[in-house]
Amino acid sequence: MTEPLPIIDAARCNGCKLCVEACPTGTLAMNGMIAVIARPDACQYTGDCERICPMQAITRPLQIIFLEENLMELYADWKQKIVYSKEGPQPQTLIENEKFKVVLVGLEPGQKLPPHPAPAGAYHFLDGKGWMTVNDERVAVSAGATVIAPENAKRGIEAETRLAFIGVRGA
């Protein structure tokens, strides 16, 4: 299986070169004042570039891999599966059984999932900015944040920008 290449957000890159220096395989280089992937075939993604970036300009695409009996599904990039809709949230169920449910959700700016009680759950934010409320405590969320909500806690999500997340909760 080929590892996905890191994503470099040129708008966030400040040209510090720390990622280029940290890359053990020489995958990254500078193009003017922006880090770029110069040798994609060399990337073994150790995560050093992402960890050292002071601007959080480097991320790794989330891979979704399902193993169930003899069936395996691979989404090398979650963007292949997500749905954003002006009509409101269109959660994509990735798996659901008697123990848990996993959904991939895209929200347009201003869209909300109103606070509601639910089983214990975890929410990992993939892209964008917004707010998550858990039992009346409102916290800012953005790409890379993970929020754990306890059993029966009221939770809701509001998108400030286009927002994407994976939700995993008990059944």
# chains A, B, ... in the order shown; residues from 1 in each chain; ligands from 1
>>> residues_around(residues="segment 108-121 of chain A", least_positions_apart="5", cutoff="10 Å", atoms="only C-alpha atoms", output="ChimeraX atom specification")
/A:83-89,100-102,128-136,147-164,167-171
>>> closest_atom_pairs(of="segment 48-147 of chain A", to="segment 11-32 of chain A", cutoff="10 Å", atoms="only C-alpha atoms", output="CSV")
residue,atom,partner,partner_atom,distance
A:Asp48,CA,A:Ala22,CA,6.0
A:Cys49,CA,A:Cys19,CA,4.4
A:Glu50,CA,A:Cys19,CA,7.3
A:Arg51,CA,A:Cys19,CA,8.6
A:Ile52,CA,A:Cys19,CA,6.3
A:Cys53,CA,A:Cys19,CA,6.2
A:Pro54,CA,A:Leu18,CA,8.6
A:Met55,CA,A:Arg12,CA,6.1
A:Gln56,CA,A:Arg12,CA,7.3
A:Ala57,CA,A:Arg12,CA,5.1
A:Ile58,CA,A:Cys13,CA,8.3
>>> write_last_selection(atoms="N, CA, C and O atoms", output="PDB file, in the first residue's frame")
ATOM      1  N   ASP A  48       7.870  13.763  10.798  1.00  0.00           N
ATOM      2  CA  ASP A  48       8.789  14.788  11.307  1.00  0.00           C
ATOM      3  C   ASP A  48       8.441  16.163  10.750  1.00  0.00           C
ATOM      4  O   ASP A  48       8.458  17.159  11.472  1.00  0.00           O
ATOM      5  N   CYS A  49       8.121  16.243   9.476  1.00  0.00           N
ATOM      6  CA  CYS A  49       7.801  17.524   8.844  1.00  0.00           C
ATOM      7  C   CYS A  49       6.559  18.148   9.473  1.00  0.00           C
ATOM      8  O   CYS A  49       6.532  19.346   9.758  1.00  0.00           O
ATOM      9  N   GLU A  50       5.548  17.332   9.711  1.00  0.00           N
ATOM     10  CA  GLU A  50       4.307  17.837  10.288  1.00  0.00           C
ATOM     11  C   GLU A  50       4.520  18.304  11.728  1.00  0.00           C
ATOM     12  O   GLU A  50       4.031  19.358  12.127  1.00  0.00           O
ATOM     13  N   ARG A  51       5.252  17.526  12.509  1.00  0.00           N
ATOM     14  CA  ARG A  51       5.482  17.875  13.919  1.00  0.00           C
ATOM     15  C   ARG A  51       6.298  19.141  14.091  1.00  0.00           C
ATOM     16  O   ARG A  51       6.074  19.913  15.009  1.00  0.00           O
ATOM     17  N   ILE A  52       7.269  19.384  13.202  1.00  0.00           N
ATOM     18  CA  ILE A  52       8.187  20.513  13.396  1.00  0.00           C
ATOM     19  C   ILE A  52       7.633  21.832  12.856  1.00  0.00           C
ATOM     20  O   ILE A  52       8.090  22.897  13.243  1.00  0.00           O
ATOM     21  N   CYS A  53       6.638  21.780  12.005  1.00  0.00           N
ATOM     22  CA  CYS A  53       6.119  22.992  11.358  1.00  0.00           C
ATOM     23  C   CYS A  53       5.440  23.919  12.375  1.00  0.00           C
ATOM     24  O   CYS A  53       4.393  23.570  12.932  1.00  0.00           O
ATOM     25  N   PRO A  54       6.010  25.104  12.602  1.00  0.00           N
ATOM     26  CA  PRO A  54       5.417  26.015  13.583  1.00  0.00           C
ATOM     27  C   PRO A  54       4.104  26.644  13.108  1.00  0.00           C
ATOM     28  O   PRO A  54       3.332  27.149  13.917  1.00  0.00           O
ATOM     29  N   MET A  55       3.842  26.588  11.820  1.00  0.00           N
ATOM     30  CA  MET A  55       2.637  27.192  11.264  1.00  0.00           C
ATOM     31  C   MET A  55       1.517  26.164  11.029  1.00  0.00           C
ATOM     32  O   MET A  55       0.452  26.508  10.536  1.00  0.00           O
ATOM     33  N   GLN A  56       1.769  24.917  11.348  1.00  0.00           N
ATOM     34  CA  GLN A  56       0.828  23.820  11.096  1.00  0.00           C
ATOM     35  C   GLN A  56       0.380  23.814   9.637  1.00  0.00           C
ATOM     36  O   GLN A  56      -0.790  23.628   9.321  1.00  0.00           O
ATOM     37  N   ALA A  57       1.352  24.018   8.754  1.00  0.00           N
ATOM     38  CA  ALA A  57       1.071  24.069   7.321  1.00  0.00           C
ATOM     39  C   ALA A  57       1.129  22.691   6.673  1.00  0.00           C
ATOM     40  O   ALA A  57       0.780  22.553   5.506  1.00  0.00           O
ATOM     41  N   ILE A  58       1.580  21.672   7.417  1.00  0.00           N
ATOM     42  CA  ILE A  58       1.728  20.341   6.840  1.00  0.00           C
ATOM     43  C   ILE A  58       0.812  19.369   7.565  1.00  0.00           C
ATOM     44  O   ILE A  58       0.824  19.280   8.792  1.00  0.00           O
TER      45      ILE A  58
END
>>> residues_around(residues="Ile82 of chain A", least_positions_apart="5", cutoff="8 Å", atoms="only C-alpha atoms", output="JSON, numbers by chain")
{"A": [91, 92, 104, 105, 106, 164]}
>>> select_by_dssp(residues="chain A", states="alpha helix (DSSP H)", output="ChimeraX atom specification")
/A:18-22,48-52
>>> atom_distance(atom1="atom CA of Leu94 of chain A", atom2="atom CA of Gly144 of chain A")
19.6 Å
>>> atom_distance(atom1="atom CA of Ala10 of chain A", atom2="atom CA of Ile34 of chain A")
6.2 Å
>>> residues_around(residues="Thr146 of chain A", least_positions_apart="3", cutoff="10 Å", atoms="only C-alpha atoms", output="PyMOL selection string")
chain A and resi 122-126+141-143+149+165-167
>>> select_by_dssp(residues="segment 9-94 of chain A", states="strand (DSSP E)", output="list of chain:residue names")
A:Leu28, A:Ala29, A:Met30, A:Asn31, A:Ile34, A:Ala35, A:Val36, A:Ile37, A:Ile58, A:Thr59, A:Ile64, A:Ile65, A:Phe66, A:Leu67, A:Glu68, A:Leu71, A:Met72, A:Glu73, A:Leu74, A:Tyr75, A:Gln92, A:Thr93, A:Leu94
>>> write_last_selection(atoms="N, CA, C and O atoms", output="mmCIF file, in the first residue's frame")
data_model
loop_
_atom_site.group_PDB
_atom_site.id
_atom_site.type_symbol
_atom_site.label_atom_id
_atom_site.label_comp_id
_atom_site.auth_asym_id
_atom_site.auth_seq_id
_atom_site.Cartn_x
_atom_site.Cartn_y
_atom_site.Cartn_z
ATOM 1 N N LEU A 28 11.133 16.784 0.716
ATOM 2 C CA LEU A 28 10.734 18.186 0.676
ATOM 3 C C LEU A 28 11.867 19.087 0.209
ATOM 4 O O LEU A 28 13.036 18.795 0.428
ATOM 5 N N ALA A 29 11.482 20.189 -0.417
ATOM 6 C CA ALA A 29 12.436 21.211 -0.862
ATOM 7 C C ALA A 29 11.724 22.553 -0.808
ATOM 8 O O ALA A 29 10.514 22.620 -0.592
ATOM 9 N N MET A 30 12.478 23.600 -1.007
ATOM 10 C CA MET A 30 11.895 24.935 -1.030
ATOM 11 C C MET A 30 11.721 25.385 -2.476
ATOM 12 O O MET A 30 12.603 25.177 -3.306
ATOM 13 N N ASN A 31 10.595 26.002 -2.763
ATOM 14 C CA ASN A 31 10.336 26.645 -4.043
ATOM 15 C C ASN A 31 10.095 28.104 -3.692
ATOM 16 O O ASN A 31 8.988 28.474 -3.311
ATOM 17 N N ILE A 34 8.257 28.784 -0.175
ATOM 18 C CA ILE A 34 7.225 27.797 0.122
ATOM 19 C C ILE A 34 7.824 26.394 0.051
ATOM 20 O O ILE A 34 8.513 26.047 -0.912
ATOM 21 N N ALA A 35 7.537 25.569 1.066
ATOM 22 C CA ALA A 35 7.954 24.166 1.040
ATOM 23 C C ALA A 35 7.083 23.411 0.036
ATOM 24 O O ALA A 35 5.880 23.648 -0.058
ATOM 25 N N VAL A 36 7.713 22.500 -0.700
ATOM 26 C CA VAL A 36 6.997 21.700 -1.696
ATOM 27 C C VAL A 36 7.484 20.253 -1.619
ATOM 28 O O VAL A 36 8.559 19.964 -1.101
ATOM 29 N N ILE A 37 6.705 19.355 -2.178
ATOM 30 C CA ILE A 37 7.101 17.956 -2.280
ATOM 31 C C ILE A 37 7.863 17.813 -3.590
ATOM 32 O O ILE A 37 7.274 17.823 -4.669
ATOM 33 N N ILE A 58 1.580 21.672 7.417
ATOM 34 C CA ILE A 58 1.728 20.341 6.840
ATOM 35 C C ILE A 58 0.812 19.369 7.565
ATOM 36 O O ILE A 58 0.824 19.280 8.792
ATOM 37 N N THR A 59 0.010 18.658 6.793
ATOM 38 C CA THR A 59 -0.873 17.642 7.353
ATOM 39 C C THR A 59 -0.785 16.398 6.487
ATOM 40 O O THR A 59 -0.332 16.439 5.346
ATOM 41 N N ILE A 64 -8.897 6.084 5.505
ATOM 42 C CA ILE A 64 -9.927 5.303 6.152
ATOM 43 C C ILE A 64 -9.818 3.892 5.603
ATOM 44 O O ILE A 64 -9.981 3.678 4.404
ATOM 45 N N ILE A 65 -9.523 2.951 6.465
ATOM 46 C CA ILE A 65 -9.363 1.565 6.036
ATOM 47 C C ILE A 65 -10.297 0.698 6.870
ATOM 48 O O ILE A 65 -10.250 0.742 8.095
ATOM 49 N N PHE A 66 -11.174 -0.065 6.238
ATOM 50 C CA PHE A 66 -12.095 -0.955 6.937
ATOM 51 C C PHE A 66 -11.675 -2.390 6.689
ATOM 52 O O PHE A 66 -11.453 -2.785 5.551
ATOM 53 N N LEU A 67 -11.588 -3.150 7.738
ATOM 54 C CA LEU A 67 -11.338 -4.574 7.614
ATOM 55 C C LEU A 67 -12.512 -5.292 8.276
ATOM 56 O O LEU A 67 -12.720 -5.167 9.474
ATOM 57 N N GLU A 68 -13.293 -5.985 7.500
ATOM 58 C CA GLU A 68 -14.438 -6.703 8.042
ATOM 59 C C GLU A 68 -14.554 -8.011 7.283
ATOM 60 O O GLU A 68 -14.746 -8.018 6.069
ATOM 61 N N LEU A 71 -13.562 -8.471 3.591
ATOM 62 C CA LEU A 71 -13.778 -7.259 2.810
ATOM 63 C C LEU A 71 -12.904 -6.143 3.358
ATOM 64 O O LEU A 71 -12.804 -5.945 4.550
ATOM 65 N N MET A 72 -12.249 -5.412 2.487
ATOM 66 C CA MET A 72 -11.475 -4.252 2.912
ATOM 67 C C MET A 72 -11.827 -3.099 1.999
ATOM 68 O O MET A 72 -11.871 -3.250 0.788
ATOM 69 N N GLU A 73 -12.107 -1.934 2.607
ATOM 70 C CA GLU A 73 -12.335 -0.716 1.841
ATOM 71 C C GLU A 73 -11.254 0.269 2.223
ATOM 72 O O GLU A 73 -10.938 0.417 3.386
ATOM 73 N N LEU A 74 -10.698 0.934 1.247
ATOM 74 C CA LEU A 74 -9.668 1.934 1.496
ATOM 75 C C LEU A 74 -10.073 3.223 0.813
ATOM 76 O O LEU A 74 -10.362 3.248 -0.376
ATOM 77 N N TYR A 75 -10.132 4.293 1.589
ATOM 78 C CA TYR A 75 -10.292 5.627 1.049
ATOM 79 C C TYR A 75 -8.983 6.330 1.347
ATOM 80 O O TYR A 75 -8.726 6.718 2.484
ATOM 81 N N GLN A 92 -22.202 10.661 6.050
ATOM 82 C CA GLN A 92 -21.934 9.435 5.304
ATOM 83 C C GLN A 92 -21.563 8.353 6.305
ATOM 84 O O GLN A 92 -20.535 8.453 6.971
ATOM 85 N N THR A 93 -22.403 7.357 6.445
ATOM 86 C CA THR A 93 -22.119 6.267 7.376
ATOM 87 C C THR A 93 -21.038 5.385 6.775
ATOM 88 O O THR A 93 -21.188 4.864 5.669
ATOM 89 N N LEU A 94 -19.933 5.269 7.511
ATOM 90 C CA LEU A 94 -18.829 4.443 7.048
ATOM 91 C C LEU A 94 -18.980 3.013 7.537
ATOM 92 O O LEU A 94 -18.625 2.074 6.836
#
>>> atom_distance(atom1="atom CA of Pro4 of chain A", atom2="atom CA of Arg60 of chain A")
7.2 Å
